[in-house]
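Student: Next up is a structure, given as structure tokens.
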Amino acid sequence: MPYRGLIGDGTDTLGRVIDEATQWRRFAALLPPAHAAEIVDCWDIGEQEAGLDRLVAGLLEHQVPISENVRAEIAVAAEVWGMWTALAPGLARCLGDHHDDPRLRLIEHADTVPLPGSSVGTDTALADFLVVPWIACTRCGQVLARAHAQEPWGDLSYLARHYVLFVPGRSTSTGLFAPDSAWDALTELRMSCVHA
């Protein structure tokens with residue numbers, strides 16, 4: 001059975017906590033067995049970056065439809081392993097599952113304009129950052145964004161310095177997360193939804 005994503009709190013349908021290795025195998029299960037085995041092998045030997053690259057390439061090659069929730073989860077995995085920038089274009093081209101009732105939706109595009117940190121919340125920790133909207137909850141409108149420093153040459157820092165949850169149009173952020181907390185931020189986005 002293809003992987004359709006985690007439910008809101010990082011557990012499976014039986015309420016068991018999903019660890020990263022199990023989640024990785026669920027991503028791999030989207031693909032035909034031979035290709036899936038390559039993805040699992042990458043995890044087992046510590047080549048997560050290569051595995052993510054092969055995962056997205058395999059989804060495109062085999063034209064596997066994925067739900068928007070799974071697309072968001074792959075995006076977070078890519079972010080955690082430093083592959084988001086490289087994999088974002090391919091992930092965006094993956095087929096969507098038209099039977100999906102998406103709860104999450106990737107909203108970042110190449111032309112997404114970063115927002116001043118002060119515009120998404122009153123937390124002074126964001127004041128010097130630019131915030132890039134990334135994943136939205138389609139039910140409550142909250143957005144998970146990546147907060148980046150602006151480099152002296154004008155580009156955004158390669159890695160996010162924080163993750164932030166906010167509701168567009170409101171001046172208070174709903175959560176600020178450390179740079180190593182992308183999964184925690186995604187879980188909070190799911191769990192804090194007022195329509196959960």
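In the structure tokens, each chain is lettered A, B, ... as it comes, each chain's residues begin at 1, and ligands are numbered from 1 in order of appearance.
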Which segment 67-101 of chain A residues have any atom within 9 Å of an atom of segment 16-35 of chain A, and for each, what is the nearest pair of atoms with distance in Å to one decimal, counting only C-alpha atoms, rows sorted by chain and number, as CSV?
Tutor:
residue,atom,partner,partner_atom,distance
A:Val70,CA,A:Phe27,CA,8.3
A:Ile74,CA,A:Phe27,CA,7.9
A:Ala77,CA,A:Trp24,CA,8.9
Student: Among chain A, which ones does DSSP assign to strand (DSSP E or B) (computed from the backbone)? Answer as an MDAnalysis selection string.
Tutor: chainID A and resid 7 11 17 66 96 104:106 115:116 130:137 143:148 150 156 162:166 175:177
Student: One decimal, in Å: what's the spacing between atom CA of Ala57 of chain A and atom CA of Ala86 of chain A?
Tutor: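 A separation of 11.8 Å between them.
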Student: Need to verify the contact set: segment 49-56 of chain A, 8 Å, only C-alpha atoms, exclusion of same-chain residues closer than 4 positions in sequence. Can you return it as JSON, numbers by chain?
Tutor: {"A": [27, 28, 31, 38, 39, 40, 42, 43, 60, 78, 81, 82, 83, 87, 90, 91, 94]}
Student: Using the selection just defined, write its residues with all heavy atoms as a tab-separated table (two decimals), in the first residue's frame.
Tutor:
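The result, written out as out.tsv:
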chain	number	residue	atom	x	y	z
A	27	PHE	N	8.29	6.68	2.40
A	27	PHE	CA	8.57	7.42	1.17
A	27	PHE	C	8.98	6.45	0.07
A	27	PHE	O	8.50	6.52	-1.05
A	27	PHE	CB	9.70	8.43	1.37
A	27	PHE	CG	9.37	9.66	2.18
A	27	PHE	CD1	10.37	10.32	2.87
A	27	PHE	CD2	8.09	10.18	2.24
A	27	PHE	CE1	10.12	11.46	3.61
A	27	PHE	CE2	7.81	11.32	2.98
A	27	PHE	CZ	8.82	11.96	3.67
A	28	ALA	N	9.89	5.54	0.40
A	28	ALA	CA	10.39	4.57	-0.59
A	28	ALA	C	9.26	3.71	-1.13
A	28	ALA	O	9.25	3.37	-2.32
A	28	ALA	CB	11.47	3.70	0.04
A	31	LEU	N	7.40	4.01	-4.54
A	31	LEU	CA	8.04	3.64	-5.80
A	31	LEU	C	7.97	2.14	-6.05
A	31	LEU	O	7.76	1.35	-5.12
A	31	LEU	CB	9.50	4.09	-5.77
A	31	LEU	CG	9.71	5.59	-5.60
A	31	LEU	CD1	11.17	5.90	-5.37
A	31	LEU	CD2	9.18	6.35	-6.81
A	38	GLU	N	16.55	0.91	-3.55
A	38	GLU	CA	17.66	1.86	-3.65
A	38	GLU	C	17.52	2.98	-2.62
A	38	GLU	O	18.50	3.40	-2.01
A	38	GLU	CB	17.71	2.48	-5.05
A	38	GLU	CG	18.13	1.56	-6.14
A	38	GLU	CD	18.13	2.25	-7.50
A	38	GLU	OE1	18.02	3.50	-7.55
A	38	GLU	OE2	18.23	1.54	-8.51
A	39	ILE	N	16.29	3.45	-2.44
A	39	ILE	CA	16.03	4.53	-1.48
A	39	ILE	C	16.34	4.05	-0.07
A	39	ILE	O	17.00	4.74	0.72
A	39	ILE	CB	14.57	5.02	-1.58
A	39	ILE	CG1	14.19	5.41	-3.01
A	39	ILE	CG2	14.31	6.15	-0.60
A	39	ILE	CD1	15.02	6.48	-3.64
A	40	VAL	N	15.89	2.85	0.27
A	40	VAL	CA	16.14	2.29	1.60
A	40	VAL	C	17.64	2.06	1.79
A	40	VAL	O	18.19	2.35	2.86
A	40	VAL	CB	15.34	0.98	1.80
A	40	VAL	CG1	15.75	0.29	3.10
A	40	VAL	CG2	13.84	1.28	1.81
A	42	CYS	N	20.03	3.77	0.51
A	42	CYS	CA	20.64	5.08	0.76
A	42	CYS	C	20.50	5.46	2.23
A	42	CYS	O	21.45	5.97	2.84
A	42	CYS	CB	20.00	6.15	-0.12
A	42	CYS	SG	20.52	6.08	-1.85
A	43	TRP	N	19.34	5.21	2.81
A	43	TRP	CA	19.15	5.50	4.23
A	43	TRP	C	20.10	4.64	5.07
A	43	TRP	O	20.77	5.14	5.97
A	43	TRP	CB	17.70	5.23	4.65
A	43	TRP	CG	17.54	5.34	6.14
A	43	TRP	CD1	17.59	4.32	7.05
A	43	TRP	CD2	17.36	6.54	6.89
A	43	TRP	NE1	17.45	4.82	8.32
A	43	TRP	CE2	17.30	6.16	8.25
A	43	TRP	CE3	17.23	7.88	6.55
A	43	TRP	CZ2	17.13	7.09	9.27
A	43	TRP	CZ3	17.05	8.80	7.58
A	43	TRP	CH2	17.00	8.41	8.91
A	60	LEU	N	9.11	11.24	-10.39
A	60	LEU	CA	8.93	11.84	-11.72
A	60	LEU	C	9.01	10.78	-12.81
A	60	LEU	O	8.16	10.73	-13.70
A	60	LEU	CB	9.99	12.92	-11.95
A	60	LEU	CG	9.81	14.20	-11.13
A	60	LEU	CD1	11.05	15.06	-11.19
A	60	LEU	CD2	8.58	14.97	-11.60
A	78	ALA	N	13.69	17.08	2.79
A	78	ALA	CA	14.71	17.70	1.95
A	78	ALA	C	15.35	18.89	2.68
A	78	ALA	O	16.56	19.09	2.61
A	78	ALA	CB	14.12	18.15	0.62
A	81	TRP	N	17.83	17.72	5.37
A	81	TRP	CA	19.08	17.18	4.83
A	81	TRP	C	19.78	18.16	3.89
A	81	TRP	O	20.70	17.79	3.16
A	81	TRP	CB	18.84	15.83	4.16
A	81	TRP	CG	18.51	14.80	5.20
A	81	TRP	CD1	17.27	14.33	5.53
A	81	TRP	CD2	19.42	14.16	6.08
A	81	TRP	NE1	17.36	13.44	6.56
A	81	TRP	CE2	18.68	13.32	6.92
A	81	TRP	CE3	20.81	14.24	6.24
A	81	TRP	CZ2	19.28	12.54	7.92
A	81	TRP	CZ3	21.39	13.46	7.23
A	81	TRP	CH2	20.63	12.63	8.05
A	82	GLY	N	19.36	19.43	3.90
A	82	GLY	CA	20.04	20.45	3.12
A	82	GLY	C	19.82	20.35	1.61
A	82	GLY	O	20.62	20.87	0.84
A	83	MET	N	18.72	19.72	1.22
A	83	MET	CA	18.47	19.46	-0.21
A	83	MET	C	17.26	20.23	-0.76
A	83	MET	O	16.90	20.05	-1.91
A	83	MET	CB	18.22	17.95	-0.42
A	83	MET	CG	19.41	17.08	-0.10
A	83	MET	SD	20.73	17.29	-1.29
A	83	MET	CE	19.97	16.64	-2.77
A	87	LEU	N	15.97	20.22	-4.68
A	87	LEU	CA	14.87	19.32	-5.01
A	87	LEU	C	13.53	20.02	-5.22
A	87	LEU	O	12.59	19.41	-5.74
A	87	LEU	CB	14.72	18.26	-3.92
A	87	LEU	CG	15.90	17.30	-3.77
A	87	LEU	CD1	15.64	16.31	-2.66
A	87	LEU	CD2	16.19	16.58	-5.08
A	90	GLY	N	11.92	19.83	-8.85
A	90	GLY	CA	11.46	18.49	-9.20
A	90	GLY	C	10.24	18.09	-8.39
A	90	GLY	O	9.28	17.52	-8.93
A	91	LEU	N	10.26	18.39	-7.10
A	91	LEU	CA	9.11	18.05	-6.26
A	91	LEU	C	7.86	18.77	-6.73
A	91	LEU	O	6.76	18.21	-6.73
A	91	LEU	CB	9.42	18.38	-4.80
A	91	LEU	CG	8.42	17.91	-3.76
A	91	LEU	CD1	8.21	16.41	-3.82
A	91	LEU	CD2	8.88	18.33	-2.37
A	94	CYS	N	6.16	16.85	-9.56
A	94	CYS	CA	5.57	15.54	-9.28
A	94	CYS	C	4.05	15.61	-9.43
A	94	CYS	O	3.43	16.62	-9.09
A	94	CYS	CB	5.93	15.08	-7.88
A	94	CYS	SG	7.66	14.62	-7.68
Student: Using only C-alpha atoms for the distances, tell me which of A:Ala149, A:Ala136, A:Val80, A:Leu156 is nearest to Trp183 of chain A.
Tutor: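 Closest residue, counting only C-alpha atoms: A:Val80.
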